[in-house]
Amino acid sequence: MASDTQSVPQGAATRLAGIDATAPILLFDSGVGGLTVLEEVRKALPDAPIIYAADTAGLPYGTKTEAQIAARVAGLLGRMTERLRPRLVCIACNTASTIALGMVREVLEVPIVGTVPAIKPAAAMTKTGVIGLLGTEATIRQAYVDRLEHEFAADKRLLRYGAPGLVEAAEAKLRGEPVDPALIRHAAEALRAQPYGARIDTVVLACTHFPLVEAELAEAFGPDVRFVHGAQGIARQVARLTAGQEYSRQGPDLALFTGQGELPGAYAEKLAHYGLMRIERF
């Protein structure tokens with residue numbers, strides 16, 4: 001599956017039945033990759049108030065240890081949930097989800113949607129039986145990914161590559177800076193160089209940052225390769241868990257960034273494109 005959800009405890013369901021119409025959906029990512037999920041959530045729920053939280057002070061997640069990521073994500077989301085009172089939390093980050101989802105569900109009392117690599121749809125799409133998976137170094141080594149491969153692609157070949165450079169490329173592109181083509185080529189060549197890599201016809205973008213550079217990846221891989229990621233499936237799960245709830249947006253939607261310092265002007269322009277008209281530090 002492209003997303004993973006928490007069943008709502010009976011007590012929480014009762015509270016959600018009378019939820020404040022102004023309560024936001026909280027989307028959380030290590031950086032700006034989750035904007036690809038936000039775009040699909042807006043299509044599904046155009047009236048929903050949204051807060052987008054980017055842990056830019058902790059970026060990149062992919063080079064951190066599992067313990068560091070789990071502690072950071074659980075701590076941040078605990079504080080954010082207490083302060084922002086969201087109706088639902090979406091962890092729009094594959095790395096955070098594959099590592100910290102269980103811990104977060106233990107400490108939060110709201111519905112949670114996580115993000116996991118879209119191996120199931122990729123297995124259904126491939127014609128050659130060889131699938132590439134691009135993610136962070138932390139994501140590709142997770143047992144969660146092993147289980148997805150065993151369940152949905154046991155009769156396929158799944159070739160994995162950790163491509164932290166693509167996170168940098170996506171962040172740079174959103175800031176209006178040029179994308180280094182060498183970073184894109186390196187990721188494509190690293191998958192192609194593995195045994196059976198020449199037969200890859202489907203690539204899983206197992207990081208929400210990576211669809212931001214899908215056009216550049218498509219040029220590097222060539223016309224015979226298709227890409228799949230989980231943003232649409234995540235949006236469907238968010239809509240399902242909030243079905244029947246009322247929405248009232250009282251002002252412009254908010255982008256929260258951890259850390260200090262000024263945000264580049266190009267960031268503000270791009271965030272406005274995604275409907276995030278206010279920017280604050282958390």
# chains A, B, ... in the order shown; residues from 1 in each chain; ligands from 1
$ select_by_dssp --residues "range 37-155 of chain A" --states "strand (DSSP E or B)" --output "count of residues only"
19
$ residues_around --residues "range 211-225 of chain A" --least-positions-apart "3" --cutoff "7 Å" --atoms "only C-alpha atoms" --output "PyMOL selection string"
chain A and resi 36+170+184-185+188+201-202+205+208
$ closest_atom_pairs --of "range 203-278 of chain A" --to "range 107-124 of chain A" --cutoff "6 Å" --atoms "only C-alpha atoms" --output "CSV"
residue,atom,partner,partner_atom,distance
A:Ala206,CA,A:Pro117,CA,4.8
A:His229,CA,A:Ala118,CA,5.5
A:Gly230,CA,A:Ala118,CA,5.5
$ select_by_dssp --residues "range 238-278 of chain A" --states "helix (DSSP H, G or I)" --output "ChimeraX atom specification"
/A:238-241,265-273
$ write_last_selection --atoms "N, CA, C and O atoms" --output "compact mmCIF listing (two decimals), in the first residue's frame"
# COMPACT_ATOMS: atom_id res chain seq x y z
N VAL A 238 -6.60 10.06 3.96
CA VAL A 238 -6.92 11.25 4.75
C VAL A 238 -8.40 11.58 4.59
O VAL A 238 -9.11 11.86 5.57
N ALA A 239 -8.89 11.55 3.36
CA ALA A 239 -10.30 11.84 3.11
C ALA A 239 -11.20 10.80 3.78
O ALA A 239 -12.26 11.15 4.33
N ARG A 240 -10.79 9.55 3.75
CA ARG A 240 -11.61 8.50 4.36
C ARG A 240 -11.72 8.69 5.87
O ARG A 240 -12.80 8.55 6.45
N LEU A 241 -10.62 9.01 6.51
CA LEU A 241 -10.62 9.15 7.96
C LEU A 241 -11.30 10.43 8.44
O LEU A 241 -11.61 10.55 9.63
N GLY A 265 13.34 33.96 -0.28
CA GLY A 265 12.14 34.53 -0.88
C GLY A 265 11.47 33.56 -1.85
O GLY A 265 10.24 33.52 -1.94
N ALA A 266 12.27 32.78 -2.56
CA ALA A 266 11.70 31.83 -3.52
C ALA A 266 10.87 30.77 -2.82
O ALA A 266 9.90 30.26 -3.36
N TYR A 267 11.25 30.42 -1.60
CA TYR A 267 10.47 29.47 -0.81
C TYR A 267 9.05 30.00 -0.59
O TYR A 267 8.07 29.29 -0.78
N ALA A 268 8.97 31.27 -0.19
CA ALA A 268 7.66 31.86 0.10
C ALA A 268 6.79 31.84 -1.15
O ALA A 268 5.59 31.55 -1.09
N GLU A 269 7.38 32.13 -2.29
CA GLU A 269 6.62 32.13 -3.55
C GLU A 269 6.09 30.74 -3.87
O GLU A 269 4.93 30.59 -4.26
N LYS A 270 6.92 29.73 -3.70
CA LYS A 270 6.49 28.36 -3.99
C LYS A 270 5.45 27.88 -2.99
O LYS A 270 4.49 27.19 -3.35
N LEU A 271 5.64 28.24 -1.72
CA LEU A 271 4.66 27.84 -0.71
C LEU A 271 3.30 28.44 -1.00
O LEU A 271 2.27 27.81 -0.81
N ALA A 272 3.29 29.68 -1.47
CA ALA A 272 2.03 30.33 -1.83
C ALA A 272 1.34 29.57 -2.96
O ALA A 272 0.11 29.47 -3.01
N HIS A 273 2.14 29.00 -3.86
CA HIS A 273 1.58 28.20 -4.95
C HIS A 273 0.80 27.00 -4.41
O HIS A 273 -0.19 26.56 -5.01
$ residues_around --residues "Leu101 in chain A" --least-positions-apart "3" --cutoff "12 Å" --atoms "only C-alpha atoms" --output "PyMOL selection string"
chain A and resi 3-6+66+69-74+77+89-98+104-108+111-116+144
$ write_last_selection --atoms "C-alpha atoms" --output "tab-separated table (two decimals), in the first residue's frame"
chain	number	residue	atom	x	y	z
A	3	SER	CA	-0.22	4.62	2.92
A	4	ASP	CA	-0.85	3.19	6.34
A	5	THR	CA	-3.55	4.26	8.76
A	6	GLN	CA	-4.41	3.95	12.40
A	66	GLU	CA	16.69	5.02	13.55
A	69	ILE	CA	14.62	9.81	13.86
A	70	ALA	CA	12.09	8.06	16.10
A	71	ALA	CA	12.84	10.29	19.07
A	72	ARG	CA	12.82	13.49	17.05
A	73	VAL	CA	9.61	12.77	15.14
A	74	ALA	CA	7.69	11.57	18.19
A	77	LEU	CA	4.65	15.71	16.73
A	89	VAL	CA	-1.83	13.97	11.45
A	90	CYS	CA	-0.27	12.87	8.17
A	91	ILE	CA	3.39	11.94	8.31
A	92	ALA	CA	4.20	12.84	4.71
A	93	CYS	CA	7.68	11.33	4.88
A	94	ASN	CA	8.67	7.77	4.03
A	95	THR	CA	11.71	7.75	6.31
A	96	ALA	CA	9.81	9.05	9.35
A	97	SER	CA	6.90	6.71	8.69
A	98	THR	CA	8.87	3.50	8.22
A	104	VAL	CA	3.99	8.15	17.26
A	105	ARG	CA	0.77	6.15	17.44
A	106	GLU	CA	1.56	5.25	21.02
A	107	VAL	CA	1.78	8.91	22.09
A	108	LEU	CA	-0.84	10.67	19.97
A	111	PRO	CA	-5.92	9.51	13.57
A	112	ILE	CA	-2.57	9.15	11.82
A	113	VAL	CA	-1.79	8.49	8.17
A	114	GLY	CA	1.73	7.36	7.36
A	115	THR	CA	3.63	7.12	4.10
A	116	VAL	CA	5.30	3.93	2.90
A	144	TYR	CA	9.12	-2.40	6.79
$ closest_residue --among "A:Ala231, A:Ala193, A:Leu27, A:Val179" --to "Gly165 in chain A" --atoms "only C-alpha atoms"
A:Val179
